[in-house]
$ cat run04.cif   # mmCIF, C-alpha atoms, pLDDT in the B column; chains and numbers go by the auth columns
data_protein
loop_
_atom_site.group_PDB
_atom_site.id
_atom_site.type_symbol
_atom_site.label_atom_id
_atom_site.label_comp_id
_atom_site.label_asym_id
_atom_site.label_seq_id
_atom_site.Cartn_x
_atom_site.Cartn_y
_atom_site.Cartn_z
_atom_site.B_iso_or_equiv
_atom_site.auth_seq_id
_atom_site.auth_asym_id
ATOM 1 C CA MET A 1 -6.797 -81.593 60.861 29.00 1 A
ATOM 2 C CA LEU A 2 -9.771 -79.229 60.931 34.00 2 A
ATOM 3 C CA GLN A 3 -11.476 -78.598 64.228 34.00 3 A
ATOM 4 C CA LYS A 4 -14.716 -76.917 65.102 34.00 4 A
ATOM 5 C CA TYR A 5 -14.440 -74.193 67.706 32.00 5 A
ATOM 6 C CA LEU A 6 -17.251 -72.762 69.745 32.00 6 A
ATOM 7 C CA ALA A 7 -17.476 -69.033 69.073 31.00 7 A
ATOM 8 C CA VAL A 8 -17.638 -67.151 72.363 29.00 8 A
ATOM 9 C CA GLU A 9 -18.901 -63.601 72.119 32.00 9 A
ATOM 10 C CA ASN A 10 -18.395 -60.862 74.662 32.00 10 A
ATOM 11 C CA ARG A 11 -22.060 -60.743 75.570 40.00 11 A
ATOM 12 C CA SER A 12 -24.479 -61.997 78.137 50.00 12 A
ATOM 13 C CA VAL A 13 -24.961 -65.744 78.355 47.00 13 A
ATOM 14 C CA PRO A 14 -27.488 -67.602 80.524 50.00 14 A
ATOM 15 C CA ILE A 15 -25.443 -69.430 83.161 44.00 15 A
ATOM 16 C CA GLY A 16 -28.080 -70.594 85.585 52.00 16 A
ATOM 17 C CA LEU A 17 -31.670 -71.431 86.193 56.00 17 A
ATOM 18 C CA TYR A 18 -33.411 -69.358 88.850 61.00 18 A
ATOM 19 C CA HIS A 19 -36.897 -69.339 90.294 61.00 19 A
ATOM 20 C CA VAL A 20 -39.126 -66.296 89.917 63.00 20 A
ATOM 21 C CA ASN A 21 -41.187 -65.408 92.986 63.00 21 A
ATOM 22 C CA GLU A 22 -44.289 -64.378 91.026 67.00 22 A
ATOM 23 C CA ASP A 23 -45.782 -64.831 87.562 67.00 23 A
ATOM 24 C CA MET A 24 -43.993 -62.591 85.069 73.00 24 A
ATOM 25 C CA LYS A 25 -44.180 -62.012 81.363 77.00 25 A
ATOM 26 C CA LYS A 26 -41.232 -62.762 79.146 76.00 26 A
ATOM 27 C CA GLY A 27 -39.213 -59.539 78.843 79.00 27 A
ATOM 28 C CA THR A 28 -39.764 -58.317 82.415 83.00 28 A
ATOM 29 C CA ALA A 29 -36.634 -56.921 84.059 85.00 29 A
ATOM 30 C CA VAL A 30 -35.808 -58.635 87.342 83.00 30 A
ATOM 31 C CA TYR A 31 -33.625 -58.181 90.399 84.00 31 A
ATOM 32 C CA LEU A 32 -31.761 -61.116 92.002 81.00 32 A
ATOM 33 C CA LYS A 33 -32.770 -61.230 95.659 83.00 33 A
ATOM 34 C CA PHE A 34 -31.509 -63.487 98.444 84.00 34 A
ATOM 35 C CA VAL A 35 -34.234 -65.143 100.502 83.00 35 A
ATOM 36 C CA ALA A 36 -33.103 -66.406 103.907 89.00 36 A
ATOM 37 C CA ALA A 37 -33.818 -69.954 104.999 89.00 37 A
ATOM 38 C CA THR A 38 -36.980 -70.759 106.928 89.00 38 A
ATOM 39 C CA ASP A 39 -38.048 -73.892 108.789 90.00 39 A
ATOM 40 C CA ASN A 40 -39.630 -75.233 105.594 89.00 40 A
ATOM 41 C CA GLU A 41 -37.400 -73.824 102.845 84.00 41 A
ATOM 42 C CA PRO A 42 -33.638 -73.579 102.315 87.00 42 A
ATOM 43 C CA ALA A 43 -31.997 -70.230 101.564 86.00 43 A
ATOM 44 C CA LYS A 44 -32.101 -69.377 97.871 81.00 44 A
ATOM 45 C CA PHE A 45 -31.865 -66.640 95.285 78.00 45 A
ATOM 46 C CA VAL A 46 -35.063 -65.631 93.478 77.00 46 A
ATOM 47 C CA LEU A 47 -35.782 -63.265 90.630 78.00 47 A
ATOM 48 C CA THR A 48 -38.234 -60.540 91.582 83.00 48 A
ATOM 49 C CA LYS A 49 -39.464 -57.275 90.104 88.00 49 A
ATOM 50 C CA PRO A 50 -37.488 -54.296 91.440 90.00 50 A
ATOM 51 C CA THR A 51 -39.241 -52.468 94.300 91.00 51 A
ATOM 52 C CA THR A 52 -36.710 -49.692 94.984 92.00 52 A
ATOM 53 C CA ALA A 53 -34.676 -47.310 92.839 90.00 53 A
ATOM 54 C CA ASP A 54 -31.452 -49.114 93.801 90.00 54 A
ATOM 55 C CA GLU A 55 -32.857 -52.514 92.805 89.00 55 A
ATOM 56 C CA ALA A 56 -34.056 -51.046 89.488 90.00 56 A
ATOM 57 C CA LYS A 57 -30.616 -49.552 88.800 89.00 57 A
ATOM 58 C CA ASP A 58 -28.876 -52.843 89.616 86.00 58 A
ATOM 59 C CA PHE A 59 -31.394 -55.077 87.865 84.00 59 A
ATOM 60 C CA PHE A 60 -30.150 -58.567 87.082 81.00 60 A
ATOM 61 C CA GLY A 61 -31.530 -58.989 83.598 79.00 61 A
ATOM 62 C CA PHE A 62 -34.636 -59.899 81.622 78.00 62 A
ATOM 63 C CA VAL A 63 -36.797 -62.970 82.094 75.00 63 A
ATOM 64 C CA THR A 64 -36.508 -65.318 79.145 68.00 64 A
ATOM 65 C CA LEU A 65 -38.414 -68.526 78.643 58.00 65 A
ATOM 66 C CA ALA A 66 -36.326 -71.617 79.287 52.00 66 A
ATOM 67 C CA ILE A 67 -36.524 -73.966 76.309 45.00 67 A
ATOM 68 C CA GLU A 68 -37.792 -76.937 78.282 47.00 68 A
ATOM 69 C CA PHE A 69 -40.587 -75.004 80.030 48.00 69 A
ATOM 70 C CA LYS A 70 -43.758 -73.539 78.605 48.00 70 A
ATOM 71 C CA GLU A 71 -44.319 -71.303 81.643 48.00 71 A
ATOM 72 C CA HIS A 72 -42.199 -68.614 83.273 45.00 72 A
ATOM 73 C CA LYS A 73 -41.879 -70.433 86.575 46.00 73 A
ATOM 74 C CA GLU A 74 -38.159 -70.851 86.016 44.00 74 A
ATOM 75 C CA SER A 75 -36.136 -68.456 83.919 45.00 75 A
ATOM 76 C CA TYR A 76 -32.673 -67.629 82.694 47.00 76 A
ATOM 77 C CA TYR A 77 -31.171 -64.199 83.122 49.00 77 A
ATOM 78 C CA THR A 78 -29.359 -62.013 80.650 57.00 78 A
ATOM 79 C CA ARG A 79 -27.501 -58.693 80.942 68.00 79 A
ATOM 80 C CA ALA A 80 -24.159 -57.318 79.788 73.00 80 A
ATOM 81 C CA HIS A 81 -22.670 -53.978 78.708 77.00 81 A
ATOM 82 C CA ASN A 82 -23.482 -52.960 75.094 79.00 82 A
ATOM 83 C CA VAL A 83 -25.801 -55.919 74.493 79.00 83 A
ATOM 84 C CA ALA A 84 -29.192 -55.121 72.972 81.00 84 A
ATOM 85 C CA PHE A 85 -32.457 -56.805 73.955 82.00 85 A
ATOM 86 C CA LYS A 86 -35.971 -56.579 72.574 83.00 86 A
ATOM 87 C CA THR A 87 -38.895 -56.435 74.972 86.00 87 A
ATOM 88 C CA THR A 88 -42.616 -55.760 74.933 87.00 88 A
ATOM 89 C CA GLU A 89 -42.451 -54.767 78.593 89.00 89 A
ATOM 90 C CA PHE A 90 -42.181 -50.973 78.457 93.00 90 A
ATOM 91 C CA VAL A 91 -44.350 -48.041 79.501 93.00 91 A
ATOM 92 C CA GLY A 92 -44.953 -44.710 77.839 91.00 92 A
ATOM 93 C CA GLU A 93 -43.969 -43.658 74.367 92.00 93 A
ATOM 94 C CA LEU A 94 -40.318 -44.322 73.594 94.00 94 A
ATOM 95 C CA THR A 95 -38.313 -43.158 70.585 94.00 95 A
ATOM 96 C CA VAL A 96 -34.880 -44.045 69.229 95.00 96 A
ATOM 97 C CA GLY A 97 -32.161 -42.446 71.361 94.00 97 A
ATOM 98 C CA ASP A 98 -34.242 -42.151 74.555 95.00 98 A
ATOM 99 C CA LYS A 99 -32.265 -42.832 77.728 95.00 99 A
ATOM 100 C CA CYS A 100 -34.113 -45.357 79.872 94.00 100 A
ATOM 101 C CA VAL A 101 -34.262 -47.100 83.229 93.00 101 A
ATOM 102 C CA ILE A 102 -36.198 -49.999 84.701 92.00 102 A
ATOM 103 C CA GLY A 103 -39.278 -48.963 86.649 93.00 103 A
ATOM 104 C CA HIS A 104 -39.747 -49.954 90.300 92.00 104 A
ATOM 105 C CA GLU A 105 -43.151 -48.551 91.206 90.00 105 A
ATOM 106 C CA SER A 106 -46.201 -50.830 91.092 84.00 106 A
ATOM 107 C CA ALA A 107 -47.489 -49.778 87.638 86.00 107 A
ATOM 108 C CA ASP A 108 -44.083 -49.911 85.925 90.00 108 A
ATOM 109 C CA ALA A 109 -42.140 -52.425 88.052 90.00 109 A
ATOM 110 C CA GLY A 110 -39.821 -54.433 85.844 88.00 110 A
ATOM 111 C CA LYS A 111 -40.653 -52.438 82.713 92.00 111 A
ATOM 112 C CA VAL A 112 -38.444 -50.185 80.598 93.00 112 A
ATOM 113 C CA ARG A 113 -39.382 -46.513 80.869 94.00 113 A
ATOM 114 C CA LYS A 114 -37.888 -43.152 79.946 95.00 114 A
ATOM 115 C CA ALA A 115 -35.421 -41.868 82.566 93.00 115 A
ATOM 116 C CA LYS A 116 -36.444 -38.935 84.732 91.00 116 A
ATOM 117 C CA ASP A 117 -34.085 -36.129 85.772 90.00 117 A
ATOM 118 C CA GLY A 118 -31.555 -37.346 88.347 88.00 118 A
ATOM 119 C CA GLU A 119 -31.945 -41.069 87.616 87.00 119 A
ATOM 120 C CA THR A 120 -28.967 -43.200 86.641 88.00 120 A
ATOM 121 C CA VAL A 121 -29.522 -44.209 83.020 90.00 121 A
ATOM 122 C CA THR A 122 -28.982 -47.941 82.392 89.00 122 A
ATOM 123 C CA MET A 123 -30.012 -48.322 78.731 91.00 123 A
ATOM 124 C CA GLU A 124 -30.761 -46.530 75.468 94.00 124 A
ATOM 125 C CA VAL A 125 -33.532 -47.209 72.937 94.00 125 A
ATOM 126 C CA MET A 126 -32.085 -48.514 69.672 92.00 126 A
ATOM 127 C CA GLU A 127 -35.279 -49.396 67.738 91.00 127 A
ATOM 128 C CA VAL A 128 -39.041 -49.185 68.155 91.00 128 A
ATOM 129 C CA PHE A 129 -41.330 -51.787 66.583 87.00 129 A
ATOM 130 C CA ALA A 130 -45.072 -51.258 66.121 86.00 130 A
ATOM 131 C CA ALA A 131 -47.551 -54.071 66.745 83.00 131 A
ATOM 132 C CA MET A 132 -47.966 -56.181 63.610 77.00 132 A
ATOM 133 C CA ALA A 133 -51.223 -57.433 62.106 66.00 133 A
ATOM 134 C CA GLY A 134 -53.116 -56.925 65.345 65.00 134 A
ATOM 135 C CA TYR A 135 -51.708 -60.024 67.069 61.00 135 A
ATOM 136 C CA GLU A 136 -48.276 -58.916 68.215 78.00 136 A
ATOM 137 C CA GLU A 137 -47.497 -56.343 70.880 83.00 137 A
ATOM 138 C CA ALA A 138 -45.358 -53.277 70.242 87.00 138 A
ATOM 139 C CA MET A 139 -41.705 -53.790 71.143 87.00 139 A
ATOM 140 C CA VAL A 140 -38.546 -51.799 71.792 90.00 140 A
ATOM 141 C CA ALA A 141 -34.892 -52.759 71.425 88.00 141 A
ATOM 142 C CA VAL A 142 -32.676 -51.353 74.171 89.00 142 A
ATOM 143 C CA ARG A 143 -28.885 -51.384 74.520 87.00 143 A
ATOM 144 C CA MET A 144 -27.294 -51.773 77.939 85.00 144 A
ATOM 145 C CA LEU A 145 -25.011 -48.892 78.885 85.00 145 A
#
$ encode --input "run04.cif" --output "structure tokens"
Amino acid sequence: MLQKYLAVENRSVPIGLYHVNEDMKKGTAVYLKFVAATDNEPAKFVLTKPTTADEAKDFFGFVTLAIEFKEHKESYYTRAHNVAFKTTEFVGELTVGDKCVIGHESADAGKVRKAKDGETVTMEVMEVFAAMAGYEEAMVAVRML
């Protein structure tokens, strides 16, 4: 008897739905942060843009739009070794082979940028895509290291 099997790849798979603590564009890199309970709210984990070098190095993944939502109020995460992702959220001019990190300063928080001397590299640029027909943003494909 023939059976259908679900192919499971060694790659990142969304396994949960998390709240973001601010409006973010699809493709923004986020850090998973624990927020303690208050009188009005229970303790929870939220996705936030990295604000320190350590948070940027240990980023959780990229915001992706959940199928059932049209806004980025709730998002899945994705990140795994050797998996490539495409994003429009990058700063500066990147070329194939550039070693990159996620930014944590206000202007580049949550965006892919070229690594500076002394930073721990977390990804490498695999492809660069120019904006098409004036309606699409430029995009880069990065591979997790």
$ closest_residue --input "run04.cif" --among "A:Phe45, A:Phe60, A:Phe129, A:Tyr31" --to "A:Thr87" --atoms "all atoms listed in the file"
A:Phe129
$ resolve_selection --input "run04.cif" --expression "the PyMOL selection byres ((chain A and resi 144) around 10)" --output "list of chain:residue names"
A:Arg79, A:Ala80, A:His81, A:Asn82, A:Val83, A:Ala84, A:Phe85, A:Cys100, A:Val101, A:Val121, A:Thr122, A:Met123, A:Glu124, A:Val125, A:Val142, A:Arg143, A:Leu145
$ atom_distance --input "run04.cif" --atom1 "atom CA of A:His104" --atom2 "atom CA of A:Thr48"
10.8 Å
$ atom_distance --input "run04.cif" --atom1 "atom CA of A:Lys111" --atom2 "atom CA of A:Leu94"
12.2 Å
$ atom_distance --input "run04.cif" --atom1 "atom CA of A:Met126" --atom2 "atom CA of A:Ser106"
25.8 Å
$ closest_residue --input "run04.cif" --among "A:Glu41, A:Phe34, A:Asp108, A:Glu119" --to "A:Lys57" --atoms "all atoms listed in the file"
A:Glu119
$ residues_around --input "run04.cif" --residues "A:Glu55" --least-positions-apart "2" --cutoff "10 Å" --atoms "only C-alpha atoms" --output "ChimeraX atom specification"
/A:30-33,48-53,57-60,102-104
